[in-house]
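Everything below belongs to my_file33.pdb, which stores PDB, C-alpha atoms, pLDDT in the B column.
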ATOM      1  CA  LEU A   1      -6.968  -0.670   0.624  1.00 96.00           C
ATOM      2  CA  MET A   2      -8.407  -1.165  -2.846  1.00 94.00           C
ATOM      3  CA  LEU A   3     -10.949  -3.656  -1.510  1.00 95.00           C
ATOM      4  CA  LEU A   4     -11.956  -1.289   1.284  1.00 96.00           C
ATOM      5  CA  ALA A   5     -12.366   1.496  -1.277  1.00 96.00           C
ATOM      6  CA  LEU A   6     -14.245  -0.760  -3.669  1.00 94.00           C
ATOM      7  CA  GLU A   7     -16.665  -1.987  -0.979  1.00 93.00           C
ATOM      8  CA  PRO A   8     -16.811   0.843   1.577  1.00 92.00           C
ATOM      9  CA  ASP A   9     -20.156  -0.257   3.042  1.00 88.00           C
ATOM     10  CA  GLU A  10     -19.242  -3.926   3.417  1.00 87.00           C
ATOM     11  CA  PRO A  11     -17.798  -5.323   6.657  1.00 85.00           C
ATOM     12  CA  HIS A  12     -14.182  -6.379   6.217  1.00 94.00           C
ATOM     13  CA  THR A  13     -12.188  -8.373   8.710  1.00 94.00           C
ATOM     14  CA  VAL A  14      -8.564  -9.343   8.369  1.00 93.00           C
ATOM     15  CA  GLU A  15      -9.764 -12.947   8.133  1.00 92.00           C
ATOM     16  CA  SER A  16     -12.186 -12.222   5.282  1.00 92.00           C
ATOM     17  CA  VAL A  17      -9.664 -10.160   3.344  1.00 94.00           C
ATOM     18  CA  SER A  18      -6.949 -12.801   3.767  1.00 93.00           C
ATOM     19  CA  ARG A  19      -9.350 -15.447   2.400  1.00 92.00           C
ATOM     20  CA  ARG A  20     -10.367 -13.332  -0.566  1.00 91.00           C
ATOM     21  CA  TYR A  21      -6.780 -12.520  -1.520  1.00 91.00           C
ATOM     22  CA  ASP A  22      -5.450 -15.947  -0.492  1.00 91.00           C
ATOM     23  CA  ILE A  23      -2.705 -14.417   1.633  1.00 93.00           C
ATOM     24  CA  SER A  24      -1.444 -15.132   5.124  1.00 95.00           C
ATOM     25  CA  ARG A  25      -3.671 -13.786   7.896  1.00 94.00           C
ATOM     26  CA  ASN A  26      -0.578 -13.138  10.040  1.00 95.00           C
ATOM     27  CA  HIS A  27       1.010 -11.081   7.264  1.00 94.00           C
ATOM     28  CA  LEU A  28      -2.214  -9.162   6.693  1.00 95.00           C
ATOM     29  CA  ASN A  29      -2.478  -8.436  10.431  1.00 94.00           C
ATOM     30  CA  LYS A  30       0.936  -6.753  10.244  1.00 94.00           C
ATOM     31  CA  VAL A  31      -0.067  -4.796   7.154  1.00 95.00           C
ATOM     32  CA  ALA A  32      -3.327  -3.698   8.784  1.00 95.00           C
ATOM     33  CA  GLN A  33      -1.482  -2.603  11.918  1.00 95.00           C
ATOM     34  CA  THR A  34       0.866  -0.470   9.818  1.00 96.00           C
ATOM     35  CA  LEU A  35      -2.067   1.060   7.936  1.00 97.00           C
ATOM     36  CA  VAL A  36      -3.880   1.839  11.204  1.00 96.00           C
ATOM     37  CA  GLN A  37      -0.777   3.462  12.691  1.00 96.00           C
ATOM     38  CA  ALA A  38      -0.326   5.544   9.543  1.00 97.00           C
ATOM     39  CA  GLY A  39      -3.942   6.684   9.694  1.00 97.00           C
ATOM     40  CA  PHE A  40      -5.108   5.096   6.436  1.00 98.00           C
ATOM     41  CA  ILE A  41      -7.579   2.670   7.992  1.00 97.00           C
ATOM     42  CA  ASP A  42      -9.576   2.394  11.189  1.00 95.00           C
ATOM     43  CA  SER A  43      -9.923  -0.869  13.044  1.00 94.00           C
ATOM     44  CA  GLN A  44     -12.672  -1.903  15.416  1.00 90.00           C
ATOM     45  CA  ARG A  45     -12.410  -5.025  17.541  1.00 87.00           C
ATOM     46  CA  GLY A  46     -15.185  -7.317  18.612  1.00 82.00           C
ATOM     47  CA  ARG A  47     -18.464  -8.416  17.148  1.00 82.00           C
ATOM     48  CA  GLY A  48     -19.303  -6.383  14.096  1.00 79.00           C
ATOM     49  CA  GLY A  49     -15.758  -5.049  14.030  1.00 86.00           C
ATOM     50  CA  GLY A  50     -13.318  -4.974  11.186  1.00 93.00           C
ATOM     51  CA  VAL A  51     -11.358  -2.508   9.135  1.00 95.00           C
ATOM     52  CA  ARG A  52     -12.471   0.398   6.986  1.00 95.00           C
ATOM     53  CA  LEU A  53     -10.880   3.382   5.310  1.00 97.00           C
ATOM     54  CA  ALA A  54     -10.138   6.172   7.762  1.00 97.00           C
ATOM     55  CA  ARG A  55     -10.834   8.793   5.076  1.00 96.00           C
ATOM     56  CA  PRO A  56     -12.486   8.800   1.655  1.00 97.00           C
ATOM     57  CA  ALA A  57     -10.471   7.018  -1.026  1.00 97.00           C
ATOM     58  CA  GLU A  58     -10.006  10.368  -2.827  1.00 97.00           C
ATOM     59  CA  ALA A  59      -8.080  11.656   0.190  1.00 97.00           C
ATOM     60  CA  LEU A  60      -5.640   8.737   0.352  1.00 98.00           C
ATOM     61  CA  ASN A  61      -2.576   9.524  -1.728  1.00 98.00           C
ATOM     62  CA  LEU A  62      -0.635   6.575  -3.169  1.00 98.00           C
ATOM     63  CA  GLY A  63       2.741   8.205  -2.650  1.00 97.00           C
ATOM     64  CA  ARG A  64       2.016   8.707   1.040  1.00 97.00           C
ATOM     65  CA  ILE A  65       0.776   5.142   1.354  1.00 98.00           C
ATOM     66  CA  VAL A  66       3.906   3.698  -0.232  1.00 97.00           C
ATOM     67  CA  ARG A  67       6.191   5.882   1.871  1.00 96.00           C
ATOM     68  CA  ALA A  68       4.373   4.813   5.054  1.00 96.00           C
ATOM     69  CA  THR A  69       4.376   1.114   4.263  1.00 94.00           C
ATOM     70  CA  GLU A  70       7.860   0.592   2.881  1.00 92.00           C
ATOM     71  CA  ASP A  71      10.661   0.082   5.368  1.00 85.00           C
ATOM     72  CA  ASN A  72      13.147   1.941   3.213  1.00 86.00           C
ATOM     73  CA  PHE A  73      13.977   2.757  -0.338  1.00 87.00           C
ATOM     74  CA  HIS A  74      17.541   1.471  -0.288  1.00 83.00           C
ATOM     75  CA  ILE A  75      17.615   0.271  -3.874  1.00 80.00           C
ATOM     76  CA  VAL A  76      21.337  -0.338  -3.607  1.00 81.00           C
ATOM     77  CA  GLU A  77      23.640  -0.668  -0.629  1.00 82.00           C
ATOM     78  CA  CYS A  78      25.049   2.845  -0.865  1.00 81.00           C
ATOM     79  CA  PHE A  79      21.618   4.369  -0.199  1.00 83.00           C
ATOM     80  CA  CYS A  80      22.138   3.499   3.467  1.00 81.00           C
ATOM     81  CA  ARG A  81      25.164   5.323   4.815  1.00 82.00           C
ATOM     82  CA  GLU A  82      25.184   3.295   8.063  1.00 86.00           C
ATOM     83  CA  THR A  83      25.513  -0.112   6.373  1.00 86.00           C
ATOM     84  CA  ASN A  84      27.241   0.809   3.120  1.00 87.00           C
ATOM     85  CA  THR A  85      30.398  -1.218   2.556  1.00 88.00           C
ATOM     86  CA  CYS A  86      30.664  -0.707  -1.192  1.00 87.00           C
ATOM     87  CA  VAL A  87      34.294   0.107  -1.945  1.00 87.00           C
ATOM     88  CA  VAL A  88      33.508   2.117  -5.080  1.00 86.00           C
ATOM     89  CA  ALA A  89      30.725   4.222  -3.560  1.00 83.00           C
ATOM     90  CA  PRO A  90      32.863   7.381  -3.311  1.00 84.00           C
ATOM     91  CA  ALA A  91      33.543   7.287  -7.056  1.00 86.00           C
ATOM     92  CA  CYS A  92      30.424   5.528  -8.374  1.00 87.00           C
ATOM     93  CA  GLY A  93      28.132   7.401 -10.707  1.00 87.00           C
ATOM     94  CA  LEU A  94      25.138   5.107 -10.203  1.00 87.00           C
ATOM     95  CA  ARG A  95      23.756   6.643  -7.028  1.00 86.00           C
ATOM     96  CA  ASP A  96      22.596   9.931  -8.575  1.00 88.00           C
ATOM     97  CA  PRO A  97      20.613   8.333 -11.434  1.00 93.00           C
ATOM     98  CA  LEU A  98      19.012   5.881  -9.005  1.00 91.00           C
ATOM     99  CA  ASP A  99      18.169   8.719  -6.622  1.00 90.00           C
ATOM    100  CA  GLU A 100      16.568  10.571  -9.519  1.00 95.00           C
ATOM    101  CA  ALA A 101      14.653   7.468 -10.618  1.00 95.00           C
ATOM    102  CA  LEU A 102      13.342   6.882  -7.086  1.00 94.00           C
ATOM    103  CA  ALA A 103      12.198  10.499  -6.861  1.00 95.00           C
ATOM    104  CA  ALA A 104      10.427  10.136 -10.222  1.00 97.00           C
ATOM    105  CA  PHE A 105       8.775   6.890  -9.087  1.00 97.00           C
ATOM    106  CA  LEU A 106       7.411   8.547  -5.957  1.00 97.00           C
ATOM    107  CA  ALA A 107       6.390  11.674  -7.888  1.00 98.00           C
ATOM    108  CA  VAL A 108       4.217   9.549 -10.176  1.00 98.00           C
ATOM    109  CA  LEU A 109       2.562   7.851  -7.199  1.00 98.00           C
ATOM    110  CA  ASP A 110       1.991  11.280  -5.637  1.00 98.00           C
ATOM    111  CA  ARG A 111      -0.268  12.150  -8.582  1.00 98.00           C
ATOM    112  CA  TYR A 112      -2.757   9.379  -7.752  1.00 98.00           C
ATOM    113  CA  SER A 113      -5.250   8.645  -5.013  1.00 98.00           C
ATOM    114  CA  LEU A 114      -6.703   5.333  -3.955  1.00 97.00           C
ATOM    115  CA  SER A 115      -9.925   6.232  -5.761  1.00 96.00           C
ATOM    116  CA  ASP A 116      -8.013   6.489  -9.049  1.00 97.00           C
ATOM    117  CA  LEU A 117      -7.298   2.754  -8.811  1.00 95.00           C
ATOM    118  CA  ILE A 118     -10.948   1.759  -8.655  1.00 93.00           C
ATOM    119  CA  LYS A 119     -12.812   4.468 -10.576  1.00 92.00           C
ATOM    120  CA  ASN A 120     -13.006   2.555 -13.859  1.00 91.00           C
ATOM    121  CA  PRO A 121     -16.345   0.658 -13.652  1.00 90.00           C
ATOM    122  CA  ALA A 122     -15.182  -2.246 -15.847  1.00 91.00           C
ATOM    123  CA  THR A 123     -12.050  -2.703 -13.755  1.00 88.00           C
ATOM    124  CA  SER A 124     -14.057  -2.518 -10.539  1.00 89.00           C
ATOM    125  CA  ARG A 125     -16.528  -5.163 -11.767  1.00 88.00           C
ATOM    126  CA  ARG A 126     -13.681  -7.442 -12.807  1.00 90.00           C
ATOM    127  CA  MET A 127     -11.932  -6.994  -9.468  1.00 88.00           C
ATOM    128  CA  ARG A 128     -15.140  -7.864  -7.618  1.00 85.00           C
ATOM    129  CA  ARG A 129     -15.474 -11.058  -9.696  1.00 87.00           C
ATOM    130  CA  LEU A 130     -11.860 -12.007  -9.036  1.00 87.00           C
ATOM    131  CA  LEU A 131     -12.290 -11.459  -5.285  1.00 84.00           C
ATOM    132  CA  ALA A 132     -15.641 -13.234  -5.005  1.00 81.00           C
ATOM    133  CA  VAL A 133     -15.701 -15.562  -2.047  1.00 59.00           C
TER
END
Would you write out, as structure tokens, the structure that this file holds?
Amino acid sequence: LMLLALEPDEPHTVESVSRRYDISRNHLNKVAQTLVQAGFIDSQRGRGGGVRLARPAEALNLGRIVRATEDNFHIVECFCRETNTCVVAPACGLRDPLDEALAAFLAVLDRYSLSDLIKNPATSRRMRRLLAV
């Protein structure tokens, strides 16, 4: 998403992004599919196709992105009532502080947009150099 925001007018394919970041194309395909389904990016197949941001970077909230891309936020076993087998869960005092910490984590992300990550010109130039093909 940061690359798409940084280079909104450049064509980006899953293949080109996977090369630039040196990550698995198969993994990136799954990530892209999730981002398309969540409405963060658009994907066009065929010649001249690729991926691009579905909305301006200023309109893409980091908290929403993280919530849409993470399977769950089960920091500890007791966060999932269906699979919790912890014997001390009914008396444990850890769940409430972790719940509060998770809420604070997401609240911080909610204050930022994708554009906030790339708006510093020096950081953007450095990122472009690091991702040069």
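Once Ala54 in chain A and its same-chain neighbours fewer than 4 positions away are set aside, Gly39, Phe40, Ile41 and Asp42 of chain A remain within 7 Å of it when counting all atoms listed in the file.
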Item checked: Straight-line distance linking CA of Ser124 in chain A with CA of Val36 in chain A, stated in Å to one decimal -> 24.4 Å
Notebook entry, point to check: Contacts of Val31 in chain A at 12 Å or less, counting all atoms listed in the file, minus same-chain residues fewer than 4 places along, as a PyMOL selection string?
Noted result: chain A and resi 1+14+17-18+23-27+35-38+40-41+51+65-66+68-71
Keeping only C-alpha atoms, write the selected residues to a file as an mmCIF file, keeping the file's coordinate frame.
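Contents of out36.cif, freshly written:
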data_model
loop_
_atom_site.group_PDB
_atom_site.id
_atom_site.type_symbol
_atom_site.label_atom_id
_atom_site.label_comp_id
_atom_site.auth_asym_id
_atom_site.auth_seq_id
_atom_site.Cartn_x
_atom_site.Cartn_y
_atom_site.Cartn_z
ATOM 1 C CA LEU A 1 -6.968 -0.670 0.624
ATOM 2 C CA VAL A 14 -8.564 -9.343 8.369
ATOM 3 C CA VAL A 17 -9.664 -10.160 3.344
ATOM 4 C CA SER A 18 -6.949 -12.801 3.767
ATOM 5 C CA ILE A 23 -2.705 -14.417 1.633
ATOM 6 C CA SER A 24 -1.444 -15.132 5.124
ATOM 7 C CA ARG A 25 -3.671 -13.786 7.896
ATOM 8 C CA ASN A 26 -0.578 -13.138 10.040
ATOM 9 C CA HIS A 27 1.010 -11.081 7.264
ATOM 10 C CA LEU A 35 -2.067 1.060 7.936
ATOM 11 C CA VAL A 36 -3.880 1.839 11.204
ATOM 12 C CA GLN A 37 -0.777 3.462 12.691
ATOM 13 C CA ALA A 38 -0.326 5.544 9.543
ATOM 14 C CA PHE A 40 -5.108 5.096 6.436
ATOM 15 C CA ILE A 41 -7.579 2.670 7.992
ATOM 16 C CA VAL A 51 -11.358 -2.508 9.135
ATOM 17 C CA ILE A 65 0.776 5.142 1.354
ATOM 18 C CA VAL A 66 3.906 3.698 -0.232
ATOM 19 C CA ALA A 68 4.373 4.813 5.054
ATOM 20 C CA THR A 69 4.376 1.114 4.263
ATOM 21 C CA GLU A 70 7.860 0.592 2.881
ATOM 22 C CA ASP A 71 10.661 0.082 5.368
#
Next item on the list: May I have the protein, DNA and RNA residues with an atom at most 7 Å from (28.4, 4.2, -1.6), counting all atoms listed in the file in the file's coordinates, returned as a ChimeraX atom specification?
Entry: /A:77-79,84,86,88-90
Just-selected residues, C-alpha atoms written as a tab-separated table (two decimals), in the coordinates of the input:
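File produced: selection_21.tsv:
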chain	number	residue	atom	x	y	z
A	77	GLU	CA	23.64	-0.67	-0.63
A	78	CYS	CA	25.05	2.84	-0.86
A	79	PHE	CA	21.62	4.37	-0.20
A	84	ASN	CA	27.24	0.81	3.12
A	86	CYS	CA	30.66	-0.71	-1.19
A	88	VAL	CA	33.51	2.12	-5.08
A	89	ALA	CA	30.72	4.22	-3.56
A	90	PRO	CA	32.86	7.38	-3.31
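Going from CA of Arg64 in chain A to CA of Val108 in chain A covers 11.5 Å.
Checking A:Arg111, A:Arg20, A:Arg45, A:Arg81 one by one against Ala59 in chain A, counting all atoms listed in the file, you find the shortest gap at A:Arg111.
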Checklist line | Residues in the PyMOL selection byres ((chain A and resi 52) around 10), expressed as an NGL selection string | finding: :A and (1 or 3-5 or 7-13 or 36 or 40-44 or 49-51 or 53-56)
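If you count only C-alpha atoms and ignore residues fewer than 4 places along the chain from range 98-107 of chain A, what sits within 10 Å of it is A:Leu62, A:Gly63, A:Arg64, A:Val66, A:Arg67, A:Phe73, A:His74, A:Ile75, A:Val76, A:Phe79, A:Gly93, A:Leu94, A:Arg111, A:Tyr112.
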Next item on the list: Report as an NGL selection string the full result of the PyMOL selection byres ((chain A and resi 113) around 6) when it is applied to this structure.
Entry: :A and (58 or 60-62 or 112 or 114-116)
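One distance worth recording is that between CA of Arg128 in chain A and CA of Leu6 in chain A, which is 8.2 Å.
Nearest residue to Tyr21 in chain A among A:Met2, A:Arg47, A:Thr123, A:Thr85 is A:Met2, counting only C-alpha atoms.
Among the candidate residues A:Asp22, A:Ala132, A:Asp96, A:Ala57, the one lying nearest to Ile118 in chain A is A:Ala57, with distances computed using all atoms listed in the file.
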Go ahead and fit an axis-aligned box to every listed atom of range 70-88 of chain A plus 3 Å each side, and pass me the centre and edge lengths in Å, one decimal, as JSON.
{"center_x": 21.1, "center_y": 2.1, "center_z": 1.5, "size_x": 32.4, "size_y": 12.5, "size_z": 19.1}
